[in-house]
>>> print(open('data.txt').read())   # compact mmCIF, C-alpha atoms and all ligand atoms
# COMPACT_ATOMS: atom_id res chain seq x y z
CA MET A 1 167.34 133.41 6.99
CA ALA A 2 169.64 135.80 5.20
CA ALA A 3 167.83 136.47 1.91
CA PHE A 4 166.05 139.66 2.96
CA GLU A 5 169.15 140.88 4.80
CA HIS A 6 171.10 140.56 1.54
CA PHE A 7 168.48 142.64 -0.24
CA LYS A 8 168.80 145.35 2.43
CA GLN A 9 172.58 145.44 1.96
CA HIS A 10 172.13 146.01 -1.77
CA VAL A 11 169.58 148.76 -1.06
CA ASN A 12 172.00 150.38 1.37
CA SER A 13 174.81 150.57 -1.19
CA ALA A 14 172.47 151.96 -3.82
CA ALA A 15 170.92 154.46 -1.39
CA ARG A 16 174.41 155.85 -0.71
CA LEU A 17 175.07 156.23 -4.44
CA LEU A 18 171.76 158.07 -4.85
CA ASN A 19 172.12 160.19 -1.69
CA LEU A 20 168.71 159.03 -0.48
CA SER A 21 167.48 160.10 2.95
CA ASP A 22 167.04 157.49 5.69
CA ALA A 23 163.28 157.83 5.37
CA GLU A 24 163.46 157.12 1.63
CA ARG A 25 165.77 154.15 2.13
CA LEU A 26 163.46 152.69 4.79
CA ALA A 27 160.44 153.17 2.51
CA LEU A 28 162.24 151.12 -0.15
CA GLU A 29 162.89 148.27 2.29
CA LYS A 30 159.32 147.83 3.48
CA PRO A 31 156.80 145.50 1.83
CA ASP A 32 153.38 147.09 1.29
CA ARG A 33 151.53 143.99 2.48
CA ILE A 34 152.24 140.47 3.72
CA LEU A 35 149.27 138.15 3.25
CA ARG A 36 149.21 134.81 5.06
CA ALA A 37 146.83 131.85 4.99
CA ASN A 38 146.71 128.19 5.92
CA LEU A 39 145.54 126.22 2.90
CA THR A 40 143.59 123.05 3.54
CA VAL A 41 143.47 120.41 0.84
CA LYS A 42 141.71 117.05 0.73
CA LEU A 43 144.46 114.46 0.14
CA ASP A 44 144.10 111.31 -1.95
CA ASP A 45 144.08 109.07 1.14
CA GLY A 46 141.00 110.89 2.46
CA SER A 47 142.87 112.93 5.10
CA THR A 48 143.20 116.72 5.09
CA GLY A 49 146.55 118.51 4.63
CA THR A 50 147.22 122.04 5.89
CA PHE A 51 149.94 124.13 4.25
CA PRO A 52 151.14 127.65 5.20
CA ALA A 53 150.92 130.06 2.27
CA TYR A 54 152.13 133.60 1.64
CA ARG A 55 151.70 136.43 -0.83
CA VAL A 56 154.05 139.35 -0.28
CA GLN A 57 153.07 142.51 -2.19
CA PHE A 58 156.22 144.54 -2.02
CA ASN A 59 155.65 147.73 -4.00
CA ASN A 60 153.15 148.85 -6.65
CA ALA A 61 154.28 152.44 -7.22
CA ARG A 62 155.32 151.64 -10.84
CA GLY A 63 152.39 149.32 -11.69
CA PRO A 64 150.45 146.28 -10.47
CA TYR A 65 152.22 143.78 -8.23
CA LYS A 66 153.92 141.01 -10.23
CA GLY A 67 155.74 137.83 -9.23
CA GLY A 68 155.74 134.04 -9.23
CA ILE A 69 154.42 131.50 -6.75
CA ARG A 70 156.66 128.67 -5.53
CA PHE A 71 155.73 125.38 -3.91
CA HIS A 72 158.73 124.44 -1.78
CA PRO A 73 159.35 122.83 1.66
CA GLU A 74 161.61 125.74 2.64
CA ALA A 75 159.45 128.60 1.34
CA ASP A 76 158.96 131.02 4.24
CA GLU A 77 158.08 134.64 4.81
CA ASP A 78 161.69 135.90 4.74
CA GLU A 79 162.52 134.19 1.45
CA VAL A 80 159.24 135.18 -0.20
CA SER A 81 159.69 138.79 0.98
CA ALA A 82 163.23 138.96 -0.43
CA LEU A 83 162.07 137.54 -3.77
CA ALA A 84 159.14 140.01 -3.84
CA ALA A 85 161.57 142.87 -3.28
CA MET A 86 163.85 141.57 -6.04
CA MET A 87 160.86 141.48 -8.42
CA ALA A 88 160.21 145.18 -7.81
CA VAL A 89 163.88 145.89 -8.56
CA LYS A 90 163.91 143.63 -11.63
CA CYS A 91 160.85 145.24 -13.22
CA ALA A 92 162.36 148.68 -12.63
CA VAL A 93 165.76 147.63 -14.09
CA VAL A 94 164.16 146.57 -17.39
CA GLY A 95 161.66 149.43 -17.30
CA ILE A 96 158.43 147.44 -17.45
CA PRO A 97 155.39 148.94 -15.69
CA PHE A 98 155.02 146.43 -12.87
CA GLY A 99 155.71 146.46 -9.17
CA GLY A 100 157.01 143.48 -7.20
CA ALA A 101 155.38 140.55 -5.42
CA LYS A 102 156.03 136.89 -4.73
CA GLY A 103 154.07 133.96 -3.37
CA GLY A 104 154.97 130.72 -1.69
CA VAL A 105 153.45 127.61 -0.17
CA THR A 106 155.45 125.63 2.36
CA VAL A 107 155.00 122.14 0.93
CA ASP A 108 157.02 119.31 -0.60
CA PRO A 109 155.28 119.11 -3.99
CA LYS A 110 157.06 115.84 -4.81
CA LYS A 111 154.94 114.20 -2.10
CA LEU A 112 151.69 115.36 -3.72
CA SER A 113 149.83 113.77 -6.64
CA ALA A 114 148.95 115.89 -9.68
CA ARG A 115 145.36 116.14 -8.36
CA GLU A 116 146.56 117.30 -4.94
CA ARG A 117 148.86 119.92 -6.50
CA GLY A 118 145.93 121.22 -8.58
CA ALA A 119 143.75 121.42 -5.46
CA LEU A 120 146.51 123.32 -3.65
CA ALA A 121 146.78 125.80 -6.55
CA ARG A 122 143.02 126.41 -6.41
CA ALA A 123 143.09 126.78 -2.60
CA TYR A 124 145.84 129.40 -2.96
CA VAL A 125 143.67 131.48 -5.30
CA ARG A 126 140.59 131.16 -3.07
CA ALA A 127 142.63 132.41 -0.10
CA PHE A 128 144.06 135.48 -1.87
CA ALA A 129 141.53 136.18 -4.69
CA ASP A 130 140.52 139.59 -3.31
CA HIS A 131 144.11 140.75 -3.70
CA LEU A 132 144.76 139.31 -7.19
CA GLY A 133 143.70 140.57 -10.63
CA PRO A 134 145.03 142.00 -13.94
CA ASP A 135 145.33 145.49 -12.43
CA ILE A 136 146.12 144.40 -8.86
CA ASP A 137 148.59 141.53 -8.61
CA ILE A 138 149.60 139.10 -11.38
CA PRO A 139 151.18 135.75 -10.39
CA ALA A 140 153.39 133.49 -12.54
CA PRO A 141 155.20 130.14 -12.21
CA ASP A 142 158.26 129.74 -10.01
CA VAL A 143 160.05 126.79 -8.40
CA TYR A 144 157.90 123.62 -8.75
CA THR A 145 154.93 125.42 -10.26
CA THR A 146 154.22 125.13 -13.98
CA SER A 147 151.93 126.32 -16.75
CA GLU A 148 149.45 123.65 -15.58
CA THR A 149 149.46 125.22 -12.10
CA MET A 150 148.75 128.61 -13.70
CA ALA A 151 145.86 127.12 -15.69
CA ALA A 152 144.24 125.78 -12.50
CA MET A 153 144.77 129.14 -10.78
CA LEU A 154 143.25 131.12 -13.67
CA ASP A 155 140.27 128.77 -13.86
CA GLU A 156 139.60 129.11 -10.11
CA TYR A 157 139.96 132.90 -10.28
CA GLU A 158 137.58 133.22 -13.25
CA GLN A 159 134.98 131.08 -11.44
CA ILE A 160 135.22 133.37 -8.41
CA VAL A 161 134.96 136.67 -10.31
CA GLY A 162 132.62 135.36 -13.00
CA THR A 163 134.47 136.91 -15.94
CA SER A 164 137.26 135.96 -18.32
CA ALA A 165 140.51 137.44 -16.97
CA PRO A 166 143.49 136.02 -18.90
CA ALA A 167 145.73 138.92 -17.83
CA MET A 168 145.47 138.01 -14.12
CA ILE A 169 148.25 135.41 -14.46
CA THR A 170 151.20 134.74 -16.79
CA GLY A 171 153.11 131.61 -17.74
CA LYS A 172 149.83 130.04 -18.90
CA PRO A 173 149.62 127.20 -21.45
CA LEU A 174 149.43 128.51 -25.04
CA SER A 175 145.91 127.06 -25.40
CA ILE A 176 144.50 129.54 -22.86
CA GLY A 177 146.46 132.67 -23.71
CA GLY A 178 150.09 131.93 -22.87
CA SER A 179 152.75 133.71 -24.93
CA LEU A 180 155.07 132.16 -27.47
CA GLY A 181 158.64 132.43 -26.20
CA ARG A 182 157.72 132.48 -22.50
CA ASP A 183 159.24 129.03 -21.82
CA THR A 184 162.75 130.05 -22.92
CA ALA A 185 162.50 133.75 -22.02
CA THR A 186 164.80 133.77 -18.98
CA ALA A 187 167.78 132.21 -20.76
CA ASP A 188 167.05 134.08 -24.01
CA GLY A 189 167.08 137.36 -22.07
CA ALA A 190 170.29 136.45 -20.21
CA LEU A 191 172.04 135.64 -23.48
CA ALA A 192 170.88 138.95 -25.01
CA VAL A 193 172.56 140.69 -22.07
CA LEU A 194 175.69 138.58 -22.57
CA ASP A 195 175.75 139.52 -26.29
CA ALA A 196 175.71 143.21 -25.34
CA LEU A 197 178.44 142.68 -22.73
CA LEU A 198 180.68 140.80 -25.18
CA GLU A 199 180.17 143.58 -27.73
CA ASP A 200 181.23 146.11 -25.08
CA GLU A 201 184.32 144.11 -24.21
CA LYS A 202 185.08 143.40 -27.88
CA LEU A 203 185.01 139.68 -27.17
CA ASP A 204 183.88 137.03 -29.60
CA ALA A 205 181.49 134.35 -28.30
CA VAL A 206 183.33 131.79 -30.44
CA ARG A 207 186.43 132.25 -28.26
CA LEU A 208 184.45 131.95 -25.01
CA THR A 209 184.64 129.01 -22.62
CA ALA A 210 181.69 128.62 -20.24
CA SER A 211 180.61 126.46 -17.32
CA VAL A 212 176.92 126.24 -16.45
CA GLN A 213 175.61 125.15 -13.06
CA GLY A 214 172.11 123.70 -13.35
CA ALA A 215 170.48 122.10 -16.37
CA GLY A 216 166.83 122.83 -15.58
CA ASN A 217 164.53 125.18 -17.45
CA ALA A 218 166.90 128.10 -17.52
CA GLY A 219 170.34 126.43 -17.39
CA ALA A 220 169.67 123.95 -20.20
CA GLN A 221 168.51 126.69 -22.57
CA ALA A 222 171.48 128.89 -21.59
CA ALA A 223 173.89 126.04 -22.40
CA ARG A 224 172.12 125.42 -25.72
CA LEU A 225 172.34 129.09 -26.69
CA LEU A 226 176.01 129.35 -25.69
CA ALA A 227 176.82 126.33 -27.85
CA ARG A 228 174.76 127.82 -30.69
CA ARG A 229 176.91 130.97 -30.53
CA GLY A 230 180.01 128.81 -30.91
CA ALA A 231 181.19 129.05 -27.30
CA ALA A 232 182.75 125.94 -25.73
CA VAL A 233 180.58 124.77 -22.81
CA VAL A 234 183.32 123.01 -20.85
CA ALA A 235 181.17 122.02 -17.86
CA LEU A 236 177.47 121.52 -17.26
CA SER A 237 176.01 120.21 -14.02
CA ASP A 238 172.81 119.12 -12.39
CA SER A 239 172.18 117.99 -8.81
CA SER A 240 173.70 114.58 -9.61
CA GLY A 241 177.05 115.67 -11.01
CA THR A 242 179.03 117.63 -13.59
CA LEU A 243 179.81 116.75 -17.18
CA ALA A 244 183.14 118.29 -18.13
CA ASP A 245 185.35 118.39 -21.22
CA PRO A 246 187.98 121.11 -21.76
CA ALA A 247 187.33 120.91 -25.52
CA GLY A 248 183.62 121.60 -25.02
CA ILE A 249 180.88 119.08 -24.38
CA ASP A 250 178.23 118.23 -26.96
CA VAL A 251 175.42 120.14 -25.26
CA ALA A 252 172.58 118.74 -27.36
CA ALA A 253 173.74 115.16 -26.74
CA ALA A 254 174.25 115.83 -23.02
CA LEU A 255 170.74 117.26 -22.63
CA ALA A 256 169.22 114.41 -24.64
CA GLY A 257 171.09 112.00 -22.35
CA LYS A 258 169.75 113.78 -19.28
CA GLU A 259 166.25 113.61 -20.70
CA ALA A 260 166.57 109.87 -21.31
CA LYS A 261 168.24 108.98 -18.00
CA LYS A 262 166.79 111.79 -15.86
CA GLU A 263 170.18 112.90 -14.53
CA PHE A 264 173.78 113.36 -15.69
CA ALA A 265 175.25 110.91 -13.17
CA ALA A 266 173.29 108.08 -14.78
CA TRP A 267 174.59 109.09 -18.20
CA GLY A 268 178.37 109.08 -18.06
CA ALA A 269 179.04 109.16 -21.80
CA VAL A 270 180.32 112.74 -21.97
CA GLY A 271 183.35 113.98 -20.04
CA GLY A 272 184.11 113.40 -16.39
CA VAL A 273 182.65 114.69 -13.16
CA GLY A 274 184.21 117.72 -11.48
CA ASN A 275 183.25 120.87 -9.67
CA VAL A 276 181.48 123.22 -12.03
CA MET A 277 182.43 126.40 -10.16
CA GLU A 278 186.14 125.57 -10.17
CA THR A 279 186.28 124.64 -13.84
CA ASP A 280 188.72 126.62 -15.96
CA ALA A 281 186.20 128.67 -17.94
CA ARG A 282 186.03 132.36 -18.81
CA LEU A 283 182.31 132.56 -18.02
CA PHE A 284 180.45 131.00 -15.08
CA VAL A 285 176.65 130.77 -15.31
CA PRO A 286 174.97 129.86 -12.02
CA ALA A 287 171.48 128.64 -12.97
CA ALA A 288 170.47 126.43 -10.07
CA LEU A 289 170.61 127.58 -6.47
CA GLU A 290 171.09 130.63 -4.29
CA GLU A 291 174.26 131.31 -2.29
CA GLN A 292 176.75 129.39 -4.43
CA LEU A 293 179.47 132.06 -4.50
CA THR A 294 180.20 132.79 -0.84
CA ALA A 295 183.21 133.98 1.17
CA ASP A 296 184.24 130.29 1.38
CA THR A 297 183.88 129.32 -2.28
CA VAL A 298 184.70 132.52 -4.18
CA GLY A 299 188.48 131.94 -4.00
CA ALA A 300 188.19 128.87 -6.22
CA LEU A 301 186.26 130.61 -9.01
CA ARG A 302 188.42 130.95 -12.13
CA ALA A 303 186.00 132.80 -14.37
CA ALA A 304 186.34 136.46 -15.38
CA TYR A 305 182.59 136.83 -16.00
CA VAL A 306 179.55 135.62 -14.03
CA LEU A 307 176.06 135.66 -15.56
CA GLU A 308 173.58 135.21 -12.70
CA ILE A 309 170.57 133.34 -14.05
CA ALA A 310 169.71 131.95 -10.60
CA ASN A 311 168.28 134.32 -8.00
CA GLY A 312 170.77 135.31 -5.29
CA PRO A 313 173.69 132.98 -6.22
CA THR A 314 176.31 135.43 -4.87
CA THR A 315 176.46 136.64 -1.25
CA PRO A 316 177.25 140.35 -0.66
CA ASP A 317 180.73 139.61 0.75
CA ALA A 318 181.61 137.34 -2.20
CA ASP A 319 180.32 140.10 -4.46
CA ARG A 320 182.75 142.62 -2.95
CA THR A 321 185.63 140.15 -3.38
CA LEU A 322 184.74 139.59 -7.04
CA PHE A 323 184.51 143.33 -7.73
CA ALA A 324 187.92 143.88 -6.10
CA ARG A 325 189.35 141.07 -8.26
CA GLY A 326 187.96 142.67 -11.42
CA VAL A 327 185.47 139.87 -12.13
CA THR A 328 182.40 141.19 -13.99
CA VAL A 329 179.19 139.93 -12.38
CA VAL A 330 175.98 140.49 -14.33
CA PRO A 331 173.51 140.56 -11.42
CA ASP A 332 170.36 138.43 -11.19
CA VAL A 333 168.06 141.47 -11.24
CA LEU A 334 169.32 142.21 -14.76
CA ALA A 335 170.47 138.81 -16.09
CA ASN A 336 167.29 136.86 -15.31
CA ALA A 337 164.71 139.59 -15.97
CA GLY A 338 163.81 138.05 -19.36
CA GLY A 339 161.14 135.85 -17.75
CA VAL A 340 159.19 138.75 -16.30
CA THR A 341 159.73 140.78 -19.48
CA VAL A 342 157.95 138.16 -21.60
CA SER A 343 155.33 137.88 -18.82
CA TYR A 344 154.69 141.57 -19.49
CA PHE A 345 154.25 140.78 -23.20
CA GLU A 346 151.84 137.97 -22.21
CA TRP A 347 149.90 140.39 -19.98
CA ILE A 348 149.59 142.87 -22.90
CA GLN A 349 148.31 140.03 -25.12
CA GLY A 350 145.82 139.04 -22.39
CA ARG A 351 144.50 142.58 -22.13
CA THR A 352 144.30 143.33 -25.86
CA GLY A 353 143.39 139.94 -27.27
CA GLU A 354 146.40 140.12 -29.63
CA ARG A 355 148.53 137.07 -30.38
CA TRP A 356 152.16 137.98 -30.97
CA GLU A 357 154.30 135.90 -33.31
CA LEU A 358 157.45 134.38 -31.88
CA ASP A 359 159.75 136.77 -33.79
CA ARG A 360 157.96 139.76 -32.31
CA VAL A 361 158.43 138.37 -28.78
CA THR A 362 162.10 137.49 -29.22
CA ASP A 363 162.95 140.81 -30.93
CA ALA A 364 161.18 142.87 -28.25
CA LEU A 365 162.84 140.80 -25.50
CA ALA A 366 166.35 141.23 -26.91
CA LYS A 367 165.79 144.97 -27.39
CA THR A 368 164.52 145.43 -23.81
CA MET A 369 167.38 143.42 -22.27
CA LYS A 370 170.14 145.09 -24.28
CA GLN A 371 168.78 148.54 -23.52
CA ALA A 372 168.68 147.68 -19.78
CA TYR A 373 172.25 146.37 -19.94
CA ARG A 374 173.49 149.56 -21.64
CA GLU A 375 171.84 151.76 -19.02
CA VAL A 376 173.25 149.70 -16.15
CA ALA A 377 176.74 149.41 -17.68
CA GLY A 378 176.77 153.15 -18.43
CA PHE A 379 175.94 154.00 -14.82
CA ALA A 380 178.52 151.50 -13.52
CA LYS A 381 181.26 153.00 -15.68
CA GLU A 382 180.37 156.58 -14.84
CA ARG A 383 180.33 155.95 -11.09
CA GLY A 384 183.05 153.29 -10.90
CA VAL A 385 180.75 150.74 -9.24
CA SER A 386 179.73 147.13 -9.87
CA LEU A 387 176.94 146.23 -12.28
CA ARG A 388 174.89 145.10 -9.24
CA ASP A 389 175.22 148.43 -7.46
CA ALA A 390 174.42 150.20 -10.72
CA ALA A 391 171.36 148.02 -11.39
CA TYR A 392 170.01 148.58 -7.87
CA ALA A 393 170.73 152.30 -8.03
CA LEU A 394 168.94 152.71 -11.38
CA ALA A 395 165.99 150.61 -10.23
CA LEU A 396 165.65 152.35 -6.89
CA SER A 397 165.85 155.77 -8.51
CA ARG A 398 162.91 154.76 -10.75
CA LEU A 399 160.98 153.35 -7.78
CA ILE A 400 161.57 156.38 -5.60
CA GLU A 401 160.59 158.71 -8.44
CA ALA A 402 157.26 156.87 -8.76
CA MET A 403 156.76 156.90 -4.98
CA ARG A 404 157.50 160.65 -4.86
CA ALA A 405 155.08 161.28 -7.73
CA ARG A 406 152.38 159.52 -5.70
CA GLY A 407 153.29 161.37 -2.51
CA ARG A 408 154.30 158.15 -0.76
CA VAL A 409 157.68 159.44 0.41
P1 LIG B 1 164.70 124.09 -12.48
O1 LIG B 1 164.10 123.48 -11.27
O2 LIG B 1 164.11 123.82 -13.82
O3 LIG B 1 166.25 123.68 -12.60
C1 LIG B 1 167.14 123.66 -11.55
C2 LIG B 1 168.36 122.84 -11.96
O4 LIG B 1 169.36 122.95 -10.95
C3 LIG B 1 168.11 121.34 -12.13
O5 LIG B 1 168.78 120.89 -13.30
C4 LIG B 1 168.77 120.72 -10.90
O6 LIG B 1 169.23 119.40 -11.14
C5 LIG B 1 169.92 121.68 -10.72
N1 LIG B 1 170.55 121.62 -9.42
C6 LIG B 1 169.99 121.50 -8.20
N2 LIG B 1 170.94 121.43 -7.26
C7 LIG B 1 172.14 121.53 -7.89
C8 LIG B 1 173.48 121.52 -7.50
N3 LIG B 1 173.82 121.39 -6.23
N4 LIG B 1 174.44 121.65 -8.44
C9 LIG B 1 174.14 121.76 -9.73
N5 LIG B 1 172.87 121.80 -10.17
C10 LIG B 1 171.89 121.66 -9.26
O7 LIG B 1 164.76 125.65 -12.18
P2 LIG B 1 164.86 126.87 -13.20
O8 LIG B 1 163.49 127.35 -13.52
O9 LIG B 1 165.80 126.53 -14.29
O10 LIG B 1 165.51 127.99 -12.24
C11 LIG B 1 166.88 127.94 -11.87
C12 LIG B 1 167.24 129.24 -11.17
O11 LIG B 1 166.94 130.33 -12.03
C13 LIG B 1 166.48 129.50 -9.86
O12 LIG B 1 167.33 130.21 -8.99
C14 LIG B 1 165.36 130.41 -10.31
O13 LIG B 1 164.87 131.20 -9.25
C15 LIG B 1 166.08 131.22 -11.36
N6 LIG B 1 165.16 131.84 -12.29
C16 LIG B 1 164.42 131.07 -13.16
C17 LIG B 1 163.52 131.69 -14.01
C18 LIG B 1 162.71 130.90 -15.00
O14 LIG B 1 161.95 131.53 -15.74
N7 LIG B 1 162.84 129.58 -15.08
C19 LIG B 1 163.37 133.09 -13.97
C20 LIG B 1 164.15 133.85 -13.09
C21 LIG B 1 165.04 133.20 -12.26
>>> encode(input="data.txt", output="structure tokens")
Amino acid sequence: MAAFEHFKQHVNSAARLLNLSDAERLALEKPDRILRANLTVKLDDGSTGTFPAYRVQFNNARGPYKGGIRFHPEADEDEVSALAAMMAVKCAVVGIPFGGAKGGVTVDPKKLSARERGALARAYVRAFADHLGPDIDIPAPDVYTTSETMAAMLDEYEQIVGTSAPAMITGKPLSIGGSLGRDTATADGALAVLDALLEDEKLDAVRLTASVQGAGNAGAQAARLLARRGAAVVALSDSSGTLADPAGIDVAAALAGKEAKKEFAAWGAVGGVGNVMETDARLFVPAALEEQLTADTVGALRAAYVLEIANGPTTPDADRTLFARGVTVVPDVLANAGGVTVSYFEWIQGRTGERWELDRVTDALAKTMKQAYREVAGFAKERGVSLRDAAYALALSRLIEAMRARGRV
């Protein structure tokens, strides 16, 4: 698969900007450790299921490994490695003291009962417990894992080590040390970056038209926040179809309809169905899948701005086309770093026993994201490069500095 190859292309561009040696570039492309296991779980029908599982610990020069765990039928070593690498970059872009990691189990979670999913979560922790911990490697939720999954994982870990260890995992339920604001952190962070970008461009959100692909955790909150700022959300899609209205759809009603009927296609009351990427909107927010803007599809995009909430929605060749066309792409490693930023705040709360109020979380998140945007945009302007190249260059310079300080390169 191409995911890790894409990461290497981004590293290559950044390494040229930073004049890194080949040895330094290669050191930045290599995961520290790839852990593998086959997880066996007793299934409800009495049989035993075996599921391949991975934990890729990419780099811990700047702090403990950090990254989510996904349960997905297509999770494999290449994808998990690419996502682990992106986590290291993301944490460095926003300047939080974590390295990068990611985990995955190759499984279709929709075919498992809640009990089986809980057993799988516990089996994952038993397999990798020696390599996890508040100062070693801190997991979090990702695709098809939830705060309940994190609760099962924390409980299993604490039984193994025999101590309370709330900082070993983030994205926990509030009742066992989760942080206020964690559930909406990714979209909140992305919108803080958008606010800073609009300020830079002297644009008013009220005059903005936006189309949002994906109405899950992140996309739904992004659409809500755009509408709250007065922007017209002219298209909003899920896997069943797109709601579109050039005058702006009623986001709250659309999301309530989706909640009631499960998907937009079953709830045709707002707008028509069209292609969300080709909609005439100033801003496109991919918040669903990877590889949406490709050499084949990029020609149809009409937006002047792209805010990448999804991981890897733009291929490197589409990225070059967009830069040449003057489209501003806020890259995933900056735009969606709000989730891991609030995970960092949750980790601090787990270590200190403090409970932060929601205002403290949202203020600190907005400050962190805006500061990161200003640093990235400043670099991009100075060097005449894209925001993605600038974000990678800044992040890799921080990573390489930490690796040099430790004598690793
Ligand atoms: P989710 O599973 O809650 O939502 C995904 C949404 O995408 C669903 O509404 C689904 O219907 C929709 N979708 C699927 N296929 C589609 C298609 N072909 N066209 C339009 N919509 C489609 O996931 P999420 O947590 O919101 O994550 C979305 C993306 O954001 C992923 O790439 C994820 O890696 C990234 N991300 C999420 C977070 C987070 O904290 N939630 C953090 C960082 C990055």
>>> closest_atom_pairs(input="data.txt", of="region 73-168 of chain A", to="region 384-393 of chain A", cutoff="10 Å", atoms="only C-alpha atoms", output="CSV")
residue,atom,partner,partner_atom,distance
A:Met86,CA,A:Tyr392,CA,9.5
A:Val89,CA,A:Tyr392,CA,6.7
A:Lys90,CA,A:Ala391,CA,8.7
A:Ala92,CA,A:Tyr392,CA,9.0
A:Val93,CA,A:Ala391,CA,6.2
A:Val94,CA,A:Ala391,CA,9.5
>>> residues_near_ligand(input="data.txt", ligand="ligand LIG 1 (chain B)", cutoff="6 Å", atoms="all atoms listed in the file", output="short mmCIF file (atom, residue, chain, number, x, y, z; two decimals) with C-alpha atoms, in the coordinates of the input")
data_model
loop_
_atom_site.label_atom_id
_atom_site.label_comp_id
_atom_site.auth_asym_id
_atom_site.auth_seq_id
_atom_site.Cartn_x
_atom_site.Cartn_y
_atom_site.Cartn_z
CA VAL A 143 160.05 126.79 -8.40
CA THR A 186 164.80 133.77 -18.98
CA GLN A 213 175.61 125.15 -13.06
CA GLY A 214 172.11 123.70 -13.35
CA ALA A 215 170.48 122.10 -16.37
CA GLY A 216 166.83 122.83 -15.58
CA ASN A 217 164.53 125.18 -17.45
CA ALA A 218 166.90 128.10 -17.52
CA GLY A 219 170.34 126.43 -17.39
CA SER A 237 176.01 120.21 -14.02
CA ASP A 238 172.81 119.12 -12.39
CA SER A 239 172.18 117.99 -8.81
CA ALA A 287 171.48 128.64 -12.97
CA ALA A 288 170.47 126.43 -10.07
CA LEU A 289 170.61 127.58 -6.47
CA ILE A 309 170.57 133.34 -14.05
CA ALA A 310 169.71 131.95 -10.60
CA ASN A 311 168.28 134.32 -8.00
CA ASN A 336 167.29 136.86 -15.31
CA GLY A 339 161.14 135.85 -17.75
#
>>> closest_residue(input="data.txt", among="A:Val361, A:Leu17, A:Glu156, A:Ala151", to="Ile176 (chain A)", atoms="only C-alpha atoms")
A:Ala151
>>> residues_around(input="data.txt", residues="Glu29 (chain A)", least_positions_apart="6", cutoff="9 Å", atoms="only C-alpha atoms", output="NGL selection string")
:A and (7-8 or 11 or 58 or 85)
>>> closest_residue(input="data.txt", among="A:Leu83, A:Ala129, A:Ala121, A:Ile169", to="Ile348 (chain A)", atoms="all atoms listed in the file")
A:Ile169
>>> axis_aligned_box(input="data.txt", around="region 41-51 of chain A", padding_each_side="5 Å", output="AutoDock Vina command-line options")
--center_x 145.5 --center_y 116.6 --center_z 2.0 --size_x 18.9 --size_y 25.1 --size_z 17.8
>>> closest_residue(input="data.txt", among="A:Ala82, A:Ala265, A:Ala303, A:Leu174", to="His6 (chain A)", atoms="all atoms listed in the file")
A:Ala82
>>> closest_residue(input="data.txt", among="A:Arg398, A:Lys172, A:Lys261, A:His72", to="Ile96 (chain A)", atoms="all atoms listed in the file")
A:Arg398
>>> residues_around(input="data.txt", residues="Ala223 (chain A)", least_positions_apart="5", cutoff="8 Å", atoms="all atoms listed in the file", output="NGL selection string")
:A and (212 or 215 or 233 or 236 or 251)
>>> closest_residue(input="data.txt", among="A:Lys367, A:Arg126, A:Arg325, A:Arg224", to="Leu39 (chain A)", atoms="all atoms listed in the file")
A:Arg126
>>> atom_distance(input="data.txt", atom1="CA of Arg25 (chain A)", atom2="CA of Leu399 (chain A)")
11.0 Å
>>> closest_residue(input="data.txt", among="A:Pro139, A:Pro134, A:Gly181, A:Gly257", to="Gln57 (chain A)", atoms="only C-alpha atoms")
A:Pro139
>>> residues_around(input="data.txt", residues="Arg62 (chain A)", least_positions_apart="2", cutoff="10 Å", atoms="all atoms listed in the file", output="list in words")
Asn59, Asn60, Pro64, Tyr65, Ala88, Cys91, Ala92, Gly95, Ile96, Pro97, Phe98, Gly99, Gly100, Arg398, Leu399, Ile400, Glu401, Ala402, Met403 and Arg406 of chain A
>>> atom_distance(input="data.txt", atom1="CA of His131 (chain A)", atom2="CA of Thr145 (chain A)")
19.9 Å
>>> atom_distance(input="data.txt", atom1="CA of Ala152 (chain A)", atom2="CA of Ala119 (chain A)")
8.3 Å
>>> residues_near_point(input="data.txt", point="(144.6, 124.6, -5.6)", cutoff="10 Å", atoms="all atoms listed in the file", output="compact mmCIF listing (two decimals) with C-alpha atoms, keeping the file's coordinate frame")
# COMPACT_ATOMS: atom_id res chain seq x y z
CA LEU A 39 145.54 126.22 2.90
CA THR A 40 143.59 123.05 3.54
CA VAL A 41 143.47 120.41 0.84
CA ARG A 115 145.36 116.14 -8.36
CA GLU A 116 146.56 117.30 -4.94
CA ARG A 117 148.86 119.92 -6.50
CA GLY A 118 145.93 121.22 -8.58
CA ALA A 119 143.75 121.42 -5.46
CA LEU A 120 146.51 123.32 -3.65
CA ALA A 121 146.78 125.80 -6.55
CA ARG A 122 143.02 126.41 -6.41
CA ALA A 123 143.09 126.78 -2.60
CA TYR A 124 145.84 129.40 -2.96
CA VAL A 125 143.67 131.48 -5.30
CA ARG A 126 140.59 131.16 -3.07
CA ALA A 127 142.63 132.41 -0.10
CA THR A 149 149.46 125.22 -12.10
CA MET A 150 148.75 128.61 -13.70
CA ALA A 152 144.24 125.78 -12.50
CA MET A 153 144.77 129.14 -10.78
CA GLU A 156 139.60 129.11 -10.11
>>> residues_near_point(input="data.txt", point="(187.0, 132.4, -14.3)", cutoff="8 Å", atoms="all atoms listed in the file", output="ChimeraX atom specification")
/A:279-284,301-305,327
